[in-house]
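For reference, the structure is listed below as C-alpha cells.
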Amino acid sequence: GPKVLQIPSHQIIDMGQMVTLNCDPVSNHLYFYWYKQILGQQMEFLVNFYNGKVMEKSKLFKDQFSVERPDGSYFTLKIQPTALEDSAVYFCASSLAHWNYAEQFFGPGTRLTVL
Amino acid sequence: GDSVTQTEGQVALSEEDFLTIHCNYSASGYPTLFWYVQYPGEGPQLLFRASRDKEKGSSRGFEATYDKGTTSFHLRKASVQESDSAVYYCALSGGGYQNFYFGKGTSLTVIP
C-alpha cells in the first residue's frame with residue numbers, strides 16, 4: 001500500500017538546539033499530520049496541515065513548534081528550541097481528504113532524544 | 001473532553017483463541033471510531049472505522065460494532081493467529097475540525 005517515509009529514524013540532540021523532522025507523505029495526499037508518543041503513553045495529535053496552512057492543533061503544539069511543506073517537498077516539523085520533554089517518537093501521517101472521510105497513512109516514526 | 005479508554009497493557013493468547021480488546025469512549029454527538037494496528041518498526045495502519053450507531057466495521061477477521069448506548073467499540077476476532085501479534089489502538093475523531101484521540105494501545109502476543 002501507500003508508504004509514508006520519515007527521516008531520520010533516530011535523532012539525538014542537546015536541549016536548546018533546533019531540530020527538523022522530515023516526512024515524505026504519499027504523493028497525491030493533501031492533508032498532513034504530526035503525532036507525538038512519549039514512551040509508555042498514547043499517541044497524541046499535534047497538528048494537521050492543509051493547503052499551506054495549519055488547520056487544527058492541540059495544546060501540545062507549543063509556540064516552539066512549526067510545520068511547513070515548501071513547494072511540495074518534505075512536510076517538516078521544526079522544534080526551536082528543544083526541551084527535555086520533547087523527547088518522544090514523532091509520527092507523520094497523510095491522507096487524501098480530512099480524517100473523517102479518508103484513511104490516514106502513518107510513517108514509521110522518528111525517535112527524538114533531547115539530552 | 002473527548003477520550004478513549006481501552007484494555008491496557010499486554011494480552012497473551014494461544015493460536016485459535018478468541019480475542020476481545022475493550023474500547024470505551026467519551027465524546028459528544030456521534031464521533032467516528034477507528035481501530036488501528038501497529039506492527040514492529042511500522043506506523044499504525046487502519047483496520048476499519050465506523051461512524052453510526054450499530055455500524056459494524058470489519059477487516060482481516062477482526063470486527064467491532066459501534067454501540068452508542070454503552071459508548072463502546074470492542075475489537076473481537078474469533079480465532080487469532082501468530083501473525084496477529086501487534087499493538088492495537090482504538091481511536092476517535094469528534095468530527096469537524098477537532099482533535100483525533102488514540103487510546104494507549106494494547107499489545108497482543110499470540111503464542112503458536
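Within each chain, counting starts at residue 1; across the C-alpha cells, chains are named A, B, ... in the order shown, with ligands numbered 1 upward in that order.
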
Q) Quick one: residues within 12 Å of range 44-61 of chain A, only C-alpha atoms counted, chain neighbours fewer than 6 positions away excluded, as JSON, numbers by chain? A) {"A": [29, 30, 31, 32, 33, 34, 35, 36, 37, 38, 67, 68, 69, 70, 71, 72, 73, 75, 76, 77, 78, 79, 85, 86, 88, 89, 90, 91, 92, 93, 94, 95, 96, 97, 98, 99, 104], "B": [3, 4, 89, 91, 92, 93, 95, 96, 97, 98, 99, 100, 101, 102, 103, 104, 105]}

(Q) Please check the contacts: residues of chain A at most 7 Å away from chain B, using only C-alpha atoms, listed as a list in words. (A) Gln41, Gln42, Met43, Glu44, Phe45, Glu56, Ser58, Asn100, Glu103, Phe105, Phe106, Gly107, Pro108 and Gly109 of chain A

Could you take the residues named above and write them with N, CA, C and O atoms, as a PDB file, in the first residue's frame?
ATOM      1  N   GLN A  41       3.070   5.913  26.716  1.00  0.00           N
ATOM      2  CA  GLN A  41       1.830   6.672  26.710  1.00  0.00           C
ATOM      3  C   GLN A  41       1.168   6.606  25.333  1.00  0.00           C
ATOM      4  O   GLN A  41       1.723   6.045  24.402  1.00  0.00           O
ATOM      5  N   GLN A  42      -0.024   7.160  25.247  1.00  0.00           N
ATOM      6  CA  GLN A  42      -0.717   7.072  23.967  1.00  0.00           C
ATOM      7  C   GLN A  42      -0.184   8.099  22.986  1.00  0.00           C
ATOM      8  O   GLN A  42       0.404   9.099  23.364  1.00  0.00           O
ATOM      9  N   MET A  43      -0.428   7.797  21.723  1.00  0.00           N
ATOM     10  CA  MET A  43      -0.082   8.717  20.663  1.00  0.00           C
ATOM     11  C   MET A  43      -1.030   9.912  20.758  1.00  0.00           C
ATOM     12  O   MET A  43      -2.243   9.743  20.916  1.00  0.00           O
ATOM     13  N   GLU A  44      -0.488  11.115  20.654  1.00  0.00           N
ATOM     14  CA  GLU A  44      -1.321  12.307  20.787  1.00  0.00           C
ATOM     15  C   GLU A  44      -1.176  13.199  19.567  1.00  0.00           C
ATOM     16  O   GLU A  44      -0.076  13.453  19.082  1.00  0.00           O
ATOM     17  N   PHE A  45      -2.289  13.689  19.101  1.00  0.00           N
ATOM     18  CA  PHE A  45      -2.338  14.564  17.944  1.00  0.00           C
ATOM     19  C   PHE A  45      -1.659  15.895  18.258  1.00  0.00           C
ATOM     20  O   PHE A  45      -1.866  16.480  19.333  1.00  0.00           O
ATOM     21  N   GLU A  56      -5.747  22.543  12.268  1.00  0.00           N
ATOM     22  CA  GLU A  56      -6.097  22.236  13.654  1.00  0.00           C
ATOM     23  C   GLU A  56      -4.806  21.960  14.411  1.00  0.00           C
ATOM     24  O   GLU A  56      -3.865  21.435  13.842  1.00  0.00           O
ATOM     25  N   SER A  58      -3.348  20.927  18.642  1.00  0.00           N
ATOM     26  CA  SER A  58      -3.689  20.625  20.023  1.00  0.00           C
ATOM     27  C   SER A  58      -2.869  21.517  20.955  1.00  0.00           C
ATOM     28  O   SER A  58      -1.971  22.245  20.522  1.00  0.00           O
ATOM     29  N   ASN A 100     -11.934  12.448   8.695  1.00  0.00           N
ATOM     30  CA  ASN A 100     -13.305  11.946   8.813  1.00  0.00           C
ATOM     31  C   ASN A 100     -13.772  11.251   7.539  1.00  0.00           C
ATOM     32  O   ASN A 100     -14.783  10.553   7.540  1.00  0.00           O
ATOM     33  N   GLU A 103      -8.640   7.639   4.898  1.00  0.00           N
ATOM     34  CA  GLU A 103      -7.703   6.964   5.784  1.00  0.00           C
ATOM     35  C   GLU A 103      -6.413   7.755   5.910  1.00  0.00           C
ATOM     36  O   GLU A 103      -5.881   8.264   4.928  1.00  0.00           O
ATOM     37  N   PHE A 105      -2.484   7.550   6.507  1.00  0.00           N
ATOM     38  CA  PHE A 105      -1.380   6.617   6.367  1.00  0.00           C
ATOM     39  C   PHE A 105      -0.209   7.154   7.190  1.00  0.00           C
ATOM     40  O   PHE A 105       0.190   8.300   7.017  1.00  0.00           O
ATOM     41  N   PHE A 106       0.308   6.291   8.077  1.00  0.00           N
ATOM     42  CA  PHE A 106       1.329   6.722   9.020  1.00  0.00           C
ATOM     43  C   PHE A 106       2.715   6.274   8.582  1.00  0.00           C
ATOM     44  O   PHE A 106       2.893   5.183   8.028  1.00  0.00           O
ATOM     45  N   GLY A 107       3.702   7.102   8.889  1.00  0.00           N
ATOM     46  CA  GLY A 107       5.085   6.699   8.745  1.00  0.00           C
ATOM     47  C   GLY A 107       5.531   5.882   9.948  1.00  0.00           C
ATOM     48  O   GLY A 107       4.783   5.738  10.921  1.00  0.00           O
ATOM     49  N   PRO A 108       6.773   5.375   9.917  1.00  0.00           N
ATOM     50  CA  PRO A 108       7.273   4.514  10.997  1.00  0.00           C
ATOM     51  C   PRO A 108       7.735   5.288  12.230  1.00  0.00           C
ATOM     52  O   PRO A 108       8.061   4.672  13.242  1.00  0.00           O
ATOM     53  N   GLY A 109       7.774   6.613  12.140  1.00  0.00           N
ATOM     54  CA  GLY A 109       8.144   7.421  13.296  1.00  0.00           C
ATOM     55  C   GLY A 109       9.603   7.821  13.312  1.00  0.00           C
ATOM     56  O   GLY A 109      10.462   7.154  12.729  1.00  0.00           O
TER      57      GLY A 109
END

Q: Report the residues of chain B whose backbone DSSP state falls under strand (DSSP E), written as an MDAnalysis selection string.
A: chainID B and resid 3:6 9:14 19:21 23:26 32:38 45:50 56:59 62:65 75:77 86:93 100:102 106:111

Can I get the selection written as an mmCIF file, in the first residue's frame, with C-alpha atoms?
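Resulting contents of again38.cif:
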data_model
loop_
_atom_site.group_PDB
_atom_site.id
_atom_site.type_symbol
_atom_site.label_atom_id
_atom_site.label_comp_id
_atom_site.auth_asym_id
_atom_site.auth_seq_id
_atom_site.Cartn_x
_atom_site.Cartn_y
_atom_site.Cartn_z
ATOM 1 C CA SER B 3 -11.188 10.456 25.265
ATOM 2 C CA VAL B 4 -10.710 6.761 24.576
ATOM 3 C CA THR B 5 -10.090 4.039 27.159
ATOM 4 C CA GLN B 6 -9.045 0.573 26.028
ATOM 5 C CA GLY B 9 -1.037 -3.356 28.699
ATOM 6 C CA GLN B 10 -0.348 -6.745 27.224
ATOM 7 C CA VAL B 11 -2.588 -9.609 26.207
ATOM 8 C CA ALA B 12 -1.171 -13.075 25.539
ATOM 9 C CA LEU B 13 -3.223 -15.719 23.751
ATOM 10 C CA SER B 14 -2.651 -19.047 22.073
ATOM 11 C CA LEU B 19 -9.787 -12.167 21.195
ATOM 12 C CA THR B 20 -11.602 -9.254 22.796
ATOM 13 C CA ILE B 21 -9.977 -5.872 23.336
ATOM 14 C CA CYS B 23 -12.663 0.145 23.946
ATOM 15 C CA ASN B 24 -14.918 2.723 25.554
ATOM 16 C CA TYR B 25 -15.125 6.325 24.529
ATOM 17 C CA SER B 26 -16.268 9.648 25.862
ATOM 18 C CA THR B 32 -16.131 8.399 14.200
ATOM 19 C CA LEU B 33 -14.429 5.393 15.816
ATOM 20 C CA PHE B 34 -11.364 3.589 14.490
ATOM 21 C CA TRP B 35 -9.220 0.549 15.155
ATOM 22 C CA TYR B 36 -5.574 0.733 14.135
ATOM 23 C CA VAL B 37 -2.892 -1.977 14.195
ATOM 24 C CA GLN B 38 0.832 -1.313 14.526
ATOM 25 C CA GLN B 45 -2.420 1.075 9.914
ATOM 26 C CA LEU B 46 -6.156 1.485 9.774
ATOM 27 C CA LEU B 47 -8.087 -1.747 10.345
ATOM 28 C CA PHE B 48 -11.524 -0.215 9.946
ATOM 29 C CA ARG B 49 -13.788 2.575 11.086
ATOM 30 C CA ALA B 50 -17.461 3.141 11.984
ATOM 31 C CA LYS B 56 -20.081 -2.837 12.208
ATOM 32 C CA GLY B 57 -16.561 -2.422 10.969
ATOM 33 C CA SER B 58 -14.526 -5.432 9.903
ATOM 34 C CA SER B 59 -11.262 -6.390 8.266
ATOM 35 C CA PHE B 62 -11.425 -8.564 13.106
ATOM 36 C CA GLU B 63 -14.695 -6.788 13.825
ATOM 37 C CA ALA B 64 -16.219 -4.192 16.115
ATOM 38 C CA THR B 65 -19.697 -2.727 16.442
ATOM 39 C CA LEU B 75 -12.460 -5.347 18.954
ATOM 40 C CA ARG B 76 -13.071 -9.074 18.501
ATOM 41 C CA LYS B 77 -11.619 -11.915 16.489
ATOM 42 C CA ALA B 86 0.921 -6.397 17.186
ATOM 43 C CA VAL B 87 -0.215 -3.325 19.108
ATOM 44 C CA TYR B 88 -3.876 -2.383 18.626
ATOM 45 C CA TYR B 89 -5.183 1.148 19.096
ATOM 46 C CA CYS B 90 -8.740 2.344 19.433
ATOM 47 C CA ALA B 91 -9.194 5.956 18.299
ATOM 48 C CA LEU B 92 -11.878 8.537 17.776
ATOM 49 C CA SER B 93 -12.459 11.704 15.866
ATOM 50 C CA PHE B 100 -8.023 12.981 16.884
ATOM 51 C CA TYR B 101 -7.674 10.810 20.004
ATOM 52 C CA PHE B 102 -5.862 7.479 20.366
ATOM 53 C CA THR B 106 -2.984 -2.994 23.692
ATOM 54 C CA SER B 107 -0.050 -5.226 22.884
ATOM 55 C CA LEU B 108 -1.228 -8.620 21.641
ATOM 56 C CA THR B 109 1.116 -11.600 21.615
ATOM 57 C CA VAL B 110 -0.153 -14.813 20.047
ATOM 58 C CA ILE B 111 1.778 -17.902 21.039
#

Q: Calculate how many Å separate CA of Tyr101 in chain A from CA of Asn28 in chain A, rounding to one decimal.
A: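 Here the two named atoms are 15.5 Å from each other.
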